[in-house]
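Undergrad: This is the structure I have questions about; it appears just below.
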Amino acid sequence: MSGAMARLRHLWAHHRAALVVFVLALVVTLVLAVRATVFAVYWLDPAHRDQPLAGWMTPRYVAHSYAVPPEALGLPPPGPDDPRRMTLDQIAAQRGESLDALIAEVSAAVAAWRAAHP
């Protein structure tokens, strides 16, 4: 252990900037690896696939759940309000239509995309 500490002291004394950059890169890599693992574990669970559409879902969540590209949902592309972060409830309210109508539209778009891309 004392050999490792001596190396760290040497690096800190002579290569401080490089050591700081290395540690920051290591932390960022670790955070991204944990995030990717959590994402993969969540979406590999069959309970999260093809979930019934609900108002709390975002277009991005729906796209992941139904394994379709976000543009296949028939919703407008991200704009200043970034609709990917808006829920289906919020999108329906913004459009002045009912949630049921929007869910029917999204369901039809998903079915059409799946029919065209088996």
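Each chain in the structure tokens gets a letter, A, B and so on, in the order shown; residues start at 1 in every chain, and ligands are counted from 1 in the order they appear.
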Identify, on the basis of only C-alpha atoms, every residue whose closest approach to Asp89 in chain A does not exceed 6 Å; exclude the query and any residue fewer than 2 positions from it along the same chain; express the result as a PyMOL selection string.
TA: chain A and resi 55+87+91-92+99
Undergrad: Taking 3 positions as the minimum chain separation for residues in the same chain, which residues sit within 8 Å of Ala67 in chain A when counting only C-alpha atoms? Answer as JSON, numbers by chain.
TA: {"A": [49, 63, 64]}
Undergrad: Which residues, written as a PDB file with N, CA, C and O atoms, in the first residue's frame, have at least one atom at most 6 Å from range 50-54 of chain A, with only C-alpha atoms counted and residues fewer than 3 positions away on the same chain left out?
TA:
ATOM      1  N   MET A  57     -46.724   8.852 -19.366  1.00  0.00           N
ATOM      2  CA  MET A  57     -45.603   8.445 -20.219  1.00  0.00           C
ATOM      3  C   MET A  57     -45.156   9.589 -21.127  1.00  0.00           C
ATOM      4  O   MET A  57     -45.966  10.369 -21.603  1.00  0.00           O
ATOM      5  N   SER A  65     -40.534   1.522 -24.781  1.00  0.00           N
ATOM      6  CA  SER A  65     -41.398   0.418 -24.371  1.00  0.00           C
ATOM      7  C   SER A  65     -41.870  -0.396 -25.574  1.00  0.00           C
ATOM      8  O   SER A  65     -41.942  -1.616 -25.511  1.00  0.00           O
ATOM      9  N   TYR A  66     -42.177   0.286 -26.668  1.00  0.00           N
ATOM     10  CA  TYR A  66     -42.698  -0.394 -27.854  1.00  0.00           C
ATOM     11  C   TYR A  66     -41.607  -0.714 -28.882  1.00  0.00           C
ATOM     12  O   TYR A  66     -41.902  -1.247 -29.946  1.00  0.00           O
TER      13      TYR A  66
END
Undergrad: Can you work out which one of A:Gly74, A:Ala116, A:Met86, A:His10 has the shortest atom-to-atom distance to Ala104 in chain A, counting only C-alpha atoms?
TA: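 That would be A:Gly74, the residue with the smallest distance to Ala104 in chain A.
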Undergrad: What lies within 8 Å of Trp113 in chain A using only C-alpha atoms, ignoring chain neighbours under 3 positions off, as a ChimeraX atom specification?
TA: /A:68,72,109-110,116-117
Undergrad: Quote the spacing between CA of Val23 in chain A and CA of Arg9 in chain A in Å to one decimal place.
TA: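 Atom-to-atom, CA of Val23 in chain A to CA of Arg9 in chain A, that is 14.3 Å.
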Undergrad: Using backbone DSSP assignments, extract all alpha helix (DSSP H) residues from chain A; output them as a ChimeraX atom specification.
TA: /A:2-14,16-44,59-66,88-95,99-116
